[in-house]
file query_21.cif (mmCIF, C-alpha atoms and all ligand atoms)
data_structure
loop_
_atom_site.label_atom_id
_atom_site.label_comp_id
_atom_site.auth_asym_id
_atom_site.auth_seq_id
_atom_site.Cartn_x
_atom_site.Cartn_y
_atom_site.Cartn_z
CA MET A 18 -41.09 26.65 -6.42
CA GLN A 19 -39.98 24.86 -3.26
CA TYR A 20 -39.23 21.27 -4.34
CA LYS A 21 -39.50 18.72 -1.56
CA VAL A 22 -36.10 17.23 -2.36
CA ARG A 23 -34.57 15.05 0.39
CA GLU A 24 -32.13 16.99 2.55
CA GLU A 25 -29.40 14.45 1.78
CA ILE A 26 -29.55 15.41 -1.90
CA LEU A 27 -29.33 19.13 -1.12
CA SER A 28 -26.01 18.66 0.64
CA MET A 29 -24.50 16.49 -2.14
CA LYS A 30 -22.37 17.61 -5.07
CA ARG A 31 -22.44 16.27 -8.60
CA TYR A 32 -19.67 13.78 -9.47
CA VAL A 33 -17.00 15.38 -11.64
CA ALA A 34 -16.01 12.78 -14.22
CA GLY A 35 -12.87 12.95 -16.40
CA LYS A 36 -13.55 15.31 -19.31
CA PRO A 37 -14.73 13.47 -22.44
CA ILE A 38 -12.46 13.68 -25.51
CA SER A 39 -15.29 15.13 -27.64
CA GLU A 40 -15.80 18.01 -25.16
CA VAL A 41 -12.12 18.96 -25.13
CA LYS A 42 -11.94 18.78 -28.94
CA ARG A 43 -15.02 21.00 -29.20
CA GLU A 44 -13.96 23.53 -26.59
CA LEU A 45 -10.32 23.87 -27.63
CA GLY A 46 -10.64 23.22 -31.36
CA LEU A 47 -8.19 20.31 -31.22
CA ASP A 48 -8.09 17.44 -33.73
CA THR A 49 -6.26 14.97 -31.53
CA VAL A 50 -6.93 14.51 -27.86
CA VAL A 51 -5.60 11.72 -25.63
CA LYS A 52 -7.54 10.95 -22.46
CA MET A 53 -5.41 9.79 -19.57
CA ALA A 54 -7.91 10.80 -16.91
CA SER A 55 -10.35 7.99 -16.19
CA ASN A 56 -8.20 4.86 -16.06
CA GLU A 57 -9.73 3.45 -19.20
CA ASN A 58 -8.00 0.77 -21.21
CA PRO A 59 -5.97 2.34 -24.05
CA MET A 60 -5.98 -1.00 -25.89
CA GLY A 61 -9.76 -1.14 -25.96
CA ALA A 62 -11.57 -4.44 -25.49
CA SER A 63 -10.81 -7.90 -26.86
CA PRO A 64 -11.94 -8.50 -30.47
CA LYS A 65 -14.00 -11.37 -29.00
CA VAL A 66 -16.03 -8.78 -27.08
CA LYS A 67 -16.90 -7.00 -30.30
CA GLU A 68 -17.90 -10.29 -31.96
CA ALA A 69 -20.14 -11.13 -28.99
CA ILE A 70 -21.88 -7.75 -29.25
CA GLU A 71 -22.48 -8.21 -32.97
CA ARG A 72 -24.01 -11.65 -32.36
CA THR A 73 -26.23 -10.22 -29.65
CA LEU A 74 -27.61 -7.43 -31.84
CA LEU A 75 -30.25 -9.88 -33.08
CA ASP A 76 -31.79 -9.88 -29.59
CA ILE A 77 -31.88 -6.12 -29.17
CA SER A 78 -35.66 -6.10 -28.61
CA LEU A 79 -35.55 -8.56 -25.71
CA TYR A 80 -35.08 -7.77 -22.04
CA PRO A 81 -31.77 -9.09 -20.74
CA ASP A 82 -31.57 -12.00 -18.30
CA SER A 83 -32.04 -10.23 -14.98
CA GLY A 84 -30.04 -12.96 -13.25
CA SER A 85 -27.08 -12.74 -15.69
CA TYR A 86 -26.95 -16.56 -15.65
CA SER A 87 -24.27 -17.15 -18.30
CA LEU A 88 -21.96 -14.53 -16.83
CA ARG A 89 -22.35 -15.81 -13.29
CA GLU A 90 -21.76 -19.35 -14.56
CA GLU A 91 -18.53 -18.31 -16.31
CA LEU A 92 -17.34 -16.36 -13.26
CA SER A 93 -18.14 -19.28 -11.01
CA LYS A 94 -16.14 -21.65 -13.23
CA ARG A 95 -13.15 -19.32 -13.14
CA THR A 96 -13.17 -18.37 -9.47
CA GLY A 97 -14.46 -21.57 -7.91
CA ARG A 98 -17.12 -19.59 -5.99
CA PRO A 99 -20.74 -20.84 -6.13
CA MET A 100 -23.01 -18.99 -8.56
CA ALA A 101 -25.32 -18.03 -5.69
CA GLU A 102 -22.55 -15.89 -4.20
CA ILE A 103 -21.98 -13.89 -7.38
CA PHE A 104 -23.95 -10.72 -8.13
CA ILE A 105 -23.78 -8.54 -11.20
CA GLY A 106 -24.59 -4.85 -11.70
CA GLY A 107 -24.29 -2.02 -14.18
CA GLY A 108 -20.69 -1.29 -13.24
CA SER A 109 -19.28 -1.58 -9.75
CA ASP A 110 -20.61 1.98 -9.28
CA SER A 111 -24.07 0.49 -9.37
CA LEU A 112 -23.07 -2.21 -6.87
CA ILE A 113 -21.69 0.38 -4.46
CA LYS A 114 -25.09 2.05 -4.58
CA VAL A 115 -26.86 -1.29 -4.08
CA ILE A 116 -24.70 -2.11 -1.05
CA SER A 117 -25.23 1.38 0.40
CA SER A 118 -29.00 1.11 -0.09
CA THR A 119 -29.03 -2.33 1.52
CA PHE A 120 -27.18 -1.30 4.68
CA LEU A 121 -27.16 2.42 5.32
CA LYS A 122 -29.54 4.91 6.91
CA LYS A 123 -29.24 8.14 8.82
CA GLY A 124 -27.00 7.79 11.88
CA ASP A 125 -24.87 4.99 10.41
CA GLU A 126 -21.18 5.43 9.64
CA ILE A 127 -18.91 4.21 6.90
CA ILE A 128 -15.12 4.24 7.06
CA MET A 129 -12.94 4.90 4.04
CA GLY A 130 -9.43 6.20 3.39
CA ALA A 131 -9.04 9.98 3.20
CA HIS A 132 -8.03 9.65 -0.46
CA SER A 133 -10.10 6.84 -1.82
CA PHE A 134 -12.82 6.28 -4.40
CA SER A 135 -15.34 9.10 -4.04
CA ARG A 136 -18.41 7.00 -4.91
CA TYR A 137 -18.20 5.32 -1.49
CA GLU A 138 -18.76 8.71 0.08
CA ASP A 139 -21.43 9.93 -2.36
CA ASN A 140 -23.56 6.83 -1.92
CA ALA A 141 -23.25 6.92 1.86
CA LEU A 142 -24.34 10.57 1.89
CA LEU A 143 -27.25 9.71 -0.38
CA MET A 144 -28.49 7.33 2.32
CA GLY A 145 -28.00 9.92 5.05
CA ALA A 146 -25.02 8.11 6.60
CA THR A 147 -21.90 9.77 7.97
CA VAL A 148 -18.53 9.31 6.27
CA VAL A 149 -15.49 8.81 8.50
CA LYS A 150 -12.24 9.29 6.60
CA THR A 151 -9.05 7.84 8.01
CA SER A 152 -5.57 9.20 7.52
CA MET A 153 -3.39 8.24 4.57
CA GLU A 154 -0.08 9.91 5.44
CA ASP A 155 1.91 8.19 2.69
CA LEU A 156 -1.11 8.14 0.37
CA THR A 157 -1.64 4.49 1.31
CA ILE A 158 -4.61 3.06 3.21
CA GLU A 159 -3.78 2.73 6.91
CA LEU A 160 -5.60 -0.32 8.19
CA ASP A 161 -4.66 0.45 11.83
CA ALA A 162 -6.32 3.86 11.56
CA MET A 163 -9.42 2.22 10.14
CA GLU A 164 -9.59 -0.27 12.98
CA LYS A 165 -9.34 2.56 15.52
CA ALA A 166 -12.14 4.46 13.75
CA ILE A 167 -14.69 1.66 14.23
CA THR A 168 -17.60 2.62 16.49
CA GLU A 169 -20.97 1.07 17.29
CA LYS A 170 -22.35 3.06 14.38
CA THR A 171 -19.96 1.65 11.78
CA LYS A 172 -21.77 -0.39 9.16
CA ILE A 173 -19.29 -0.52 6.27
CA ILE A 174 -15.52 -0.26 5.79
CA TYR A 175 -14.30 0.27 2.23
CA LEU A 176 -10.90 -1.14 1.33
CA CYS A 177 -9.96 -0.09 -2.16
CA ASN A 178 -7.09 -2.39 -3.13
CA PRO A 179 -5.31 -1.14 -5.23
CA ASN A 180 -6.58 2.24 -4.13
CA ASN A 181 -7.97 4.83 -6.51
CA PRO A 182 -6.72 7.59 -6.82
CA THR A 183 -3.33 6.80 -5.28
CA GLY A 184 -2.51 3.41 -6.88
CA SER A 185 -1.11 2.05 -3.60
CA SER A 186 -2.06 -1.38 -2.32
CA PHE A 187 -1.71 -3.57 0.75
CA GLY A 188 -0.74 -7.22 1.01
CA LYS A 189 -2.11 -10.44 2.44
CA GLU A 190 -0.58 -10.27 5.90
CA ALA A 191 -1.89 -6.76 6.62
CA PHE A 192 -5.36 -7.76 5.41
CA GLU A 193 -5.46 -10.95 7.49
CA GLY A 194 -4.45 -9.05 10.61
CA PHE A 195 -7.12 -6.43 9.95
CA ILE A 196 -10.12 -8.56 9.03
CA ALA A 197 -9.67 -10.76 12.09
CA LYS A 198 -10.10 -7.72 14.33
CA VAL A 199 -13.19 -6.19 12.70
CA PRO A 200 -16.51 -6.93 14.47
CA LYS A 201 -18.56 -9.49 12.53
CA ASP A 202 -21.49 -7.14 12.00
CA VAL A 203 -19.37 -4.55 10.20
CA MET A 204 -19.27 -5.13 6.46
CA ILE A 205 -15.86 -5.07 4.79
CA ILE A 206 -15.97 -4.21 1.10
CA VAL A 207 -12.78 -5.00 -0.78
CA ASP A 208 -12.94 -3.16 -4.08
CA GLU A 209 -10.58 -4.89 -6.50
CA ALA A 210 -11.36 -2.79 -9.60
CA TYR A 211 -7.68 -2.76 -10.58
CA ARG A 212 -6.67 -6.24 -9.41
CA GLU A 213 -5.63 -7.51 -12.84
CA TYR A 214 -2.79 -4.94 -12.98
CA VAL A 215 -1.22 -5.74 -9.63
CA THR A 216 2.46 -6.68 -9.63
CA ARG A 217 3.23 -6.84 -5.89
CA GLU A 218 4.00 -10.39 -4.88
CA ASP A 219 2.04 -10.55 -1.64
CA TYR A 220 -1.24 -9.41 -3.23
CA PHE A 221 -4.14 -11.68 -2.35
CA ASP A 222 -7.45 -12.71 -3.81
CA ALA A 223 -10.02 -11.49 -1.29
CA THR A 224 -12.58 -14.10 -2.43
CA GLY A 225 -10.38 -16.63 -0.64
CA TYR A 226 -11.68 -15.24 2.68
CA LEU A 227 -15.41 -15.41 1.92
CA ASP A 228 -15.94 -18.74 3.68
CA ALA A 229 -14.24 -17.56 6.86
CA TYR A 230 -15.77 -14.07 6.93
CA LYS A 231 -19.49 -13.69 6.25
CA ASN A 232 -19.12 -9.90 6.54
CA LEU A 233 -16.84 -9.73 3.49
CA ILE A 234 -17.93 -8.44 0.07
CA VAL A 235 -15.57 -8.35 -2.91
CA LEU A 236 -16.18 -6.03 -5.88
CA ARG A 237 -14.66 -6.23 -9.36
CA THR A 238 -15.30 -4.69 -12.76
CA PHE A 239 -15.01 -5.18 -16.50
CA SER A 240 -14.35 -1.45 -16.97
CA LYS A 241 -10.59 -1.42 -16.50
CA ALA A 242 -8.33 -4.27 -17.66
CA TYR A 243 -11.13 -5.77 -19.79
CA GLY A 244 -11.63 -2.41 -21.52
CA MET A 245 -15.43 -2.37 -21.30
CA ALA A 246 -16.10 0.86 -19.39
CA SER A 247 -18.88 2.01 -21.69
CA LEU A 248 -20.78 -1.27 -21.40
CA ARG A 249 -21.21 -0.89 -17.63
CA VAL A 250 -20.73 -4.24 -16.00
CA GLY A 251 -19.34 -4.96 -12.58
CA TYR A 252 -19.57 -8.01 -10.33
CA GLY A 253 -19.23 -8.95 -6.75
CA PHE A 254 -19.00 -11.86 -4.33
CA ALA A 255 -20.72 -12.18 -0.98
CA ASN A 256 -22.29 -15.03 0.93
CA GLU A 257 -25.53 -16.31 -0.57
CA GLU A 258 -27.85 -14.57 1.89
CA LEU A 259 -26.28 -11.18 1.21
CA ALA A 260 -26.24 -11.68 -2.56
CA GLY A 261 -29.98 -12.39 -2.27
CA TYR A 262 -30.54 -9.02 -0.57
CA PHE A 263 -28.55 -7.25 -3.26
CA TYR A 264 -30.73 -8.83 -5.94
CA ARG A 265 -33.79 -7.38 -4.19
CA VAL A 266 -32.27 -3.89 -4.47
CA VAL A 267 -30.55 -3.82 -7.86
CA ASP A 268 -32.61 -2.75 -10.88
CA PRO A 269 -33.79 -5.98 -12.52
CA PHE A 270 -32.36 -5.04 -15.93
CA ASP A 271 -29.34 -3.10 -14.70
CA VAL A 272 -26.96 -5.09 -16.90
CA ASN A 273 -27.89 -5.06 -20.57
CA LEU A 274 -27.61 -8.12 -22.76
CA PHE A 275 -24.61 -6.80 -24.70
CA ALA A 276 -22.72 -6.24 -21.49
CA GLN A 277 -23.50 -9.74 -20.25
CA GLU A 278 -22.46 -11.49 -23.46
CA ALA A 279 -19.41 -9.26 -23.88
CA ALA A 280 -18.25 -9.99 -20.34
CA VAL A 281 -18.43 -13.75 -20.92
CA ALA A 282 -16.37 -13.32 -24.11
CA ALA A 283 -13.86 -11.07 -22.32
CA LEU A 284 -13.25 -13.66 -19.61
CA LYS A 285 -12.44 -16.27 -22.23
CA ASP A 286 -9.78 -14.13 -23.94
CA GLU A 287 -6.99 -14.55 -21.43
CA ALA A 288 -4.31 -13.76 -24.04
CA PHE A 289 -5.73 -10.26 -24.57
CA LEU A 290 -5.77 -9.61 -20.84
CA GLY A 291 -2.14 -10.70 -20.66
CA GLU A 292 -1.18 -8.18 -23.37
CA VAL A 293 -3.04 -5.38 -21.59
CA VAL A 294 -1.29 -6.06 -18.31
CA ALA A 295 2.16 -6.38 -19.94
CA GLU A 296 1.71 -3.02 -21.72
CA ASN A 297 0.63 -1.41 -18.46
CA THR A 298 3.63 -2.78 -16.58
CA LYS A 299 5.94 -1.42 -19.30
CA GLY A 300 4.21 1.97 -19.07
CA LYS A 301 4.53 2.00 -15.31
CA GLU A 302 8.29 1.42 -15.49
CA PHE A 303 8.54 4.25 -18.04
CA PHE A 304 6.79 6.70 -15.71
CA TYR A 305 8.91 5.63 -12.72
CA LYS A 306 12.10 6.25 -14.68
CA GLU A 307 10.99 9.63 -16.02
CA LEU A 308 9.70 10.89 -12.68
CA GLU A 309 12.83 9.73 -10.87
CA ALA A 310 14.96 11.60 -13.40
CA MET A 311 12.87 14.72 -12.75
CA GLY A 312 13.10 14.26 -8.97
CA LEU A 313 9.32 14.14 -8.55
CA PRO A 314 7.96 11.88 -5.79
CA TYR A 315 5.38 9.36 -7.03
CA VAL A 316 3.28 6.70 -5.38
CA VAL A 317 4.34 3.17 -6.35
CA THR A 318 1.31 1.93 -8.25
CA ASP A 319 -0.39 -1.42 -8.62
CA ALA A 320 -3.02 0.00 -10.94
CA ASN A 321 -3.24 1.45 -14.46
CA PHE A 322 -2.59 5.01 -13.31
CA ILE A 323 0.09 6.85 -11.42
CA LEU A 324 -0.13 9.74 -8.97
CA TRP A 325 2.73 12.12 -8.31
CA ASP A 326 3.59 15.31 -6.53
CA THR A 327 4.18 17.93 -9.21
CA LYS A 328 5.55 20.44 -6.67
CA ARG A 329 3.51 23.00 -8.61
CA ASP A 330 -0.05 24.16 -9.18
CA ASP A 331 -1.82 21.04 -10.44
CA MET A 332 -4.80 22.96 -11.86
CA ASP A 333 -2.45 25.10 -13.96
CA ILE A 334 -0.74 21.93 -15.23
CA PHE A 335 -4.14 20.37 -15.98
CA HIS A 336 -5.29 23.32 -18.11
CA ARG A 337 -1.98 23.65 -19.94
CA LEU A 338 -1.84 19.94 -20.73
CA MET A 339 -5.39 20.04 -22.01
CA LYS A 340 -4.45 22.75 -24.49
CA LYS A 341 -1.80 20.34 -25.78
CA GLY A 342 -4.41 17.58 -26.15
CA TYR A 343 -3.82 15.56 -22.96
CA ILE A 344 -6.60 15.14 -20.41
CA ILE A 345 -5.42 14.09 -16.96
CA ARG A 346 -6.91 14.26 -13.45
CA PRO A 347 -5.65 17.14 -11.32
CA GLY A 348 -5.19 16.48 -7.61
CA GLY A 349 -7.39 19.49 -6.88
CA PHE A 350 -10.37 17.39 -8.02
CA LEU A 351 -9.26 14.51 -5.82
CA GLY A 352 -8.50 16.32 -2.59
CA ILE A 353 -4.73 16.01 -3.14
CA PRO A 354 -3.65 19.43 -4.38
CA GLY A 355 -0.25 19.69 -6.03
CA HIS A 356 -0.54 16.14 -7.38
CA ILE A 357 -1.75 14.82 -10.70
CA ARG A 358 -3.12 11.37 -11.52
CA VAL A 359 -2.30 10.13 -15.00
CA SER A 360 -3.77 6.96 -16.52
CA ILE A 361 -1.04 4.80 -18.02
CA SER A 362 -1.63 4.50 -21.75
CA THR A 363 0.05 2.91 -24.76
CA MET A 364 3.80 3.53 -24.92
CA GLU A 365 3.23 5.95 -27.79
CA ASN A 366 0.80 8.02 -25.70
CA ASN A 367 3.01 7.78 -22.61
CA HIS A 368 5.93 9.24 -24.56
CA GLY A 369 3.68 11.92 -26.10
CA PHE A 370 2.33 12.83 -22.69
CA MET A 371 5.78 13.11 -21.13
CA LYS A 372 6.97 15.39 -23.92
CA ALA A 373 3.93 17.65 -23.45
CA TYR A 374 4.38 17.60 -19.64
CA LYS A 375 8.00 18.71 -19.90
CA GLU A 376 6.97 21.52 -22.25
CA VAL A 377 4.31 22.62 -19.76
CA LEU A 378 6.84 22.71 -16.92
CA GLN A 379 9.15 24.82 -19.03
CA GLU A 380 6.31 27.21 -19.92
CA MET A 381 5.46 27.54 -16.23
CA ASP A 382 9.08 28.26 -15.33
CA GLU A 383 9.23 30.95 -17.98
CA ALA A 384 5.90 32.54 -17.07
C1 LIG B 1 -11.89 1.82 -7.21
C2 LIG B 1 -13.01 1.86 -8.17
N1 LIG B 1 -14.11 1.17 -7.91
C3 LIG B 1 -15.14 1.17 -8.75
C4 LIG B 1 -15.12 1.92 -9.90
C5 LIG B 1 -16.32 1.93 -10.77
O1 LIG B 1 -16.12 1.21 -11.93
P1 LIG B 1 -17.31 0.76 -12.85
O2 LIG B 1 -18.58 1.36 -12.32
O3 LIG B 1 -16.98 1.28 -14.19
O4 LIG B 1 -17.34 -0.73 -12.76
C6 LIG B 1 -13.99 2.67 -10.22
C7 LIG B 1 -13.95 3.48 -11.45
O5 LIG B 1 -13.12 4.30 -11.67
C8 LIG B 1 -12.91 2.64 -9.34
O6 LIG B 1 -11.81 3.34 -9.57
#
call {"tool": "encode", "arguments": {"input": "query_21.cif", "output": "structure tokens", "more": "lines below"}}
Ligand SMILES: Cc1ncc(COP(=O)(O)O)c(C=O)c1O
result
Amino acid sequence: MQYKVREEILSMKRYVAGKPISEVKRELGLDTVVKMASNENPMGASPKVKEAIERTLLDISLYPDSGSYSLREELSKRTGRPMAEIFIGGGSDSLIKVISSTFLKKGDEIIMGAHSFSRYEDNALLMGATVVKTSMEDLTIELDAMEKAITEKTKIIYLCNPNNPTGSSFGKEAFEGFIAKVPKDVMIIVDEAYREYVTREDYFDATGYLDAYKNLIVLRTFSKAYGMASLRVGYGFANEELAGYFYRVVDPFDVNLFAQEAAVAALKDEAFLGEVVAENTKGKEFFYKELEAMGLPYVVTDANFILWDTKRDDMDIFHRLMKKGYIIRPGGFLGIPGHIRVSISTMENNHGFMKAYKEVLQEMDEA
């Protein structure tokens, strides 16, 4: 049977997600498995989120509000941006697809860092667009290289800040210099999925530039610091006209009612968010200290994960760690061989991981 599948689909590959805990337990016969592969929140979600979901169970038979009114209202209150500029989707993954569908067609180009979030690329390819990847010598996004890569075909530039999978970020001054030079018909997407974890002092809130730059879109998510990855809710900011186009494209019931109510509750629990960020910062310092002691170069991170050069075969490390019950992300899956990306977890898990990692290195030396 010759299916008439679009040629764009034929050239695409399936996304390789971090292995689920249940799969590793099943395959390796392990009782305890710790996942440090997908930058999930080891502290879970706020108890207020769970209460909101329980309350909402009564309305399980109803379609959700396709305009996510309460959530947009709460976000507007907190950010000072008008509700009409706020759009909601089933995770920022969904919003990346919506933006790609809104702008891209065959012959168009997007620009992204050589080691950045792979969904930018996948969704551009889906639309038949060409992906231009710019150099990241120090595993940080090089805004100068991006500016040089702009052509008449460029429709979108993705700035992942902090960047996944490297954890690096750029500050206000670099961004201001860059955005002023980008042609006004090229969309700049600042993906701030990890913004809550940032500790660098010159980090900036990209929504502050929406009035000055109508070609700016800012993306955020409830999947990381708010611990709601399974609920699938992401949000974005763009000028009203653009947000209107996105609402034409997004599935009307993309964001279920539980996700909407849970997100409102999550925003209101600022104390929980504070605890999550403090635990992450502690974990980050722990990894820095350990890796420095081992002489392994790491990327300074502003996110809830850390990437380092293992100086060894990362796939071998990945498999050996898995046998010990730790799932991480090998650089081989991310286009950065030799490196591994580890999600920062609770201090107990961080210690457990480091012990297992040292055992693995010893095993490899002895092999
Ligand atoms: C940079 C970045 N953007 C967006 C996403 C998608 O997040 P979600 O679809 O869960 O909101 C991720 C998830 O890992 C990410 O790392």
call {"tool": "atom_distance", "arguments": {"input": "query_21.cif", "atom1": "CA of Lys189 (chain A)", "atom2": "CA of Ala223 (chain A)"}}
result
8.8 Å
call {"tool": "closest_residue", "arguments": {"input": "query_21.cif", "among": "A:Glu258, A:Glu164, A:Glu90, A:Asp271", "to": "ligand LIG 1 (chain B)", "atoms": "only C-alpha atoms and all ligand atoms"}}
result
A:Asp271
call {"tool": "closest_atom_pairs", "arguments": {"input": "query_21.cif", "of": "chain A", "to": "ligand LIG 1 (chain B)", "cutoff": "9 Å", "atoms": "only C-alpha atoms and all ligand atoms", "output": "Markdown table"}}
result
| residue | atom | partner | partner_atom | distance |
| --- | --- | --- | --- | --- |
| A:Ser55 | CA | B:LIG1 | O5 | 6.5 |
| A:Asn56 | CA | B:LIG1 | O5 | 6.6 |
| A:Glu57 | CA | B:LIG1 | O5 | 8.3 |
| A:Gly106 | CA | B:LIG1 | O4 | 8.4 |
| A:Gly107 | CA | B:LIG1 | O2 | 6.9 |
| A:Gly108 | CA | B:LIG1 | O4 | 3.4 |
| A:Ser109 | CA | B:LIG1 | O4 | 3.7 |
| A:Asp110 | CA | B:LIG1 | O2 | 3.7 |
| A:Ser111 | CA | B:LIG1 | O2 | 6.3 |
| A:Leu112 | CA | B:LIG1 | O2 | 7.9 |
| A:Ile113 | CA | B:LIG1 | C3 | 7.9 |
| A:Ser133 | CA | B:LIG1 | C1 | 7.6 |
| A:Phe134 | CA | B:LIG1 | C1 | 5.4 |
| A:Ser135 | CA | B:LIG1 | C2 | 8.7 |
| A:Arg136 | CA | B:LIG1 | C3 | 7.7 |
| A:Tyr137 | CA | B:LIG1 | N1 | 8.7 |
| A:Cys177 | CA | B:LIG1 | C1 | 5.7 |
| A:Asn178 | CA | B:LIG1 | C1 | 7.6 |
| A:Pro179 | CA | B:LIG1 | C1 | 7.5 |
| A:Asn180 | CA | B:LIG1 | C1 | 6.2 |
| A:Asn181 | CA | B:LIG1 | C1 | 5.0 |
| A:Pro182 | CA | B:LIG1 | O6 | 7.2 |
| A:Asp208 | CA | B:LIG1 | N1 | 5.9 |
| A:Glu209 | CA | B:LIG1 | C1 | 6.9 |
| A:Ala210 | CA | B:LIG1 | N1 | 5.1 |
| A:Tyr211 | CA | B:LIG1 | C1 | 7.1 |
| A:Leu236 | CA | B:LIG1 | N1 | 7.8 |
| A:Arg237 | CA | B:LIG1 | O4 | 7.0 |
| A:Thr238 | CA | B:LIG1 | O4 | 4.5 |
| A:Phe239 | CA | B:LIG1 | O4 | 6.3 |
| A:Ser240 | CA | B:LIG1 | O3 | 4.7 |
| A:Lys241 | CA | B:LIG1 | O3 | 7.3 |
| A:Met245 | CA | B:LIG1 | O3 | 8.1 |
| A:Ala246 | CA | B:LIG1 | O3 | 5.3 |
| A:Ser247 | CA | B:LIG1 | O3 | 7.8 |
| A:Leu248 | CA | B:LIG1 | O3 | 8.5 |
| A:Arg249 | CA | B:LIG1 | O3 | 5.9 |
| A:Val250 | CA | B:LIG1 | O4 | 5.9 |
| A:Gly251 | CA | B:LIG1 | O4 | 4.7 |
| A:Tyr252 | CA | B:LIG1 | O4 | 8.0 |
call {"tool": "atom_distance", "arguments": {"input": "query_21.cif", "atom1": "CA of Gly61 (chain A)", "atom2": "CA of Val294 (chain A)"}}
result
12.4 Å
call {"tool": "closest_residue", "arguments": {"input": "query_21.cif", "among": "A:Ile196, A:Val66, A:Leu47, A:Ala54", "to": "Ala34 (chain A)", "atoms": "all atoms listed in the file"}}
result
A:Ala54
call {"tool": "residues_around", "arguments": {"input": "query_21.cif", "residues": "Phe370 (chain A)", "least_positions_apart": "2", "cutoff": "9 Å", "atoms": "all atoms listed in the file", "output": "ChimeraX atom specification"}}
result
/A:51,53,338,342-343,365-368,372-375
call {"tool": "write_last_selection", "arguments": {"input": "query_21.cif", "atoms": "C-alpha atoms", "output": "short mmCIF file (atom, residue, chain, number, x, y, z; two decimals), keeping the file's coordinate frame"}}
result
data_model
loop_
_atom_site.label_atom_id
_atom_site.label_comp_id
_atom_site.auth_asym_id
_atom_site.auth_seq_id
_atom_site.Cartn_x
_atom_site.Cartn_y
_atom_site.Cartn_z
CA VAL A 51 -5.60 11.72 -25.63
CA MET A 53 -5.41 9.79 -19.57
CA LEU A 338 -1.84 19.94 -20.73
CA GLY A 342 -4.41 17.58 -26.15
CA TYR A 343 -3.82 15.56 -22.96
CA GLU A 365 3.23 5.95 -27.79
CA ASN A 366 0.80 8.02 -25.70
CA ASN A 367 3.01 7.78 -22.61
CA HIS A 368 5.93 9.24 -24.56
CA LYS A 372 6.97 15.39 -23.92
CA ALA A 373 3.93 17.65 -23.45
CA TYR A 374 4.38 17.60 -19.64
CA LYS A 375 8.00 18.71 -19.90
#
call {"tool": "atom_distance", "arguments": {"input": "query_21.cif", "atom1": "CA of Ala162 (chain A)", "atom2": "CA of Val199 (chain A)"}}
result
12.2 Å
call {"tool": "decode", "arguments": {"input": "query_21.cif", "residues": "region 62-73 of chain A", "atoms": "N, CA and C atoms", "output": "mmCIF file, in the first residue's frame"}}
result
data_model
loop_
_atom_site.group_PDB
_atom_site.id
_atom_site.type_symbol
_atom_site.label_atom_id
_atom_site.label_comp_id
_atom_site.auth_asym_id
_atom_site.auth_seq_id
_atom_site.Cartn_x
_atom_site.Cartn_y
_atom_site.Cartn_z
ATOM 1 N N ALA A 62 3.612 18.973 42.374
ATOM 2 C CA ALA A 62 2.879 20.236 42.237
ATOM 3 C C ALA A 62 2.403 20.687 43.615
ATOM 4 N N SER A 63 1.997 21.923 43.708
ATOM 5 C CA SER A 63 1.464 22.475 44.956
ATOM 6 C C SER A 63 0.237 21.669 45.410
ATOM 7 N N PRO A 64 0.060 21.491 46.719
ATOM 8 C CA PRO A 64 -1.165 20.823 47.208
ATOM 9 C C PRO A 64 -2.421 21.557 46.731
ATOM 10 N N LYS A 65 -2.297 22.852 46.496
ATOM 11 C CA LYS A 65 -3.467 23.640 46.023
ATOM 12 C C LYS A 65 -3.895 23.196 44.625
ATOM 13 N N VAL A 66 -2.936 22.718 43.847
ATOM 14 C CA VAL A 66 -3.227 22.209 42.500
ATOM 15 C C VAL A 66 -4.095 20.955 42.614
ATOM 16 N N LYS A 67 -3.713 20.105 43.554
ATOM 17 C CA LYS A 67 -4.467 18.851 43.723
ATOM 18 C C LYS A 67 -5.888 19.145 44.213
ATOM 19 N N GLU A 68 -6.010 20.110 45.130
ATOM 20 C CA GLU A 68 -7.351 20.497 45.609
ATOM 21 C C GLU A 68 -8.198 21.024 44.450
ATOM 22 N N ALA A 69 -7.583 21.831 43.599
ATOM 23 C CA ALA A 69 -8.328 22.420 42.465
ATOM 24 C C ALA A 69 -8.819 21.314 41.530
ATOM 25 N N ILE A 70 -7.993 20.304 41.327
ATOM 26 C CA ILE A 70 -8.395 19.208 40.428
ATOM 27 C C ILE A 70 -9.565 18.438 41.048
ATOM 28 N N GLU A 71 -9.482 18.201 42.331
ATOM 29 C CA GLU A 71 -10.576 17.475 43.007
ATOM 30 C C GLU A 71 -11.894 18.246 42.875
ATOM 31 N N ARG A 72 -11.836 19.536 43.090
ATOM 32 C CA ARG A 72 -13.040 20.382 42.966
ATOM 33 C C ARG A 72 -13.621 20.276 41.569
ATOM 34 N N THR A 73 -12.713 20.236 40.578
ATOM 35 C CA THR A 73 -13.131 20.304 39.179
ATOM 36 C C THR A 73 -13.713 18.978 38.679
#
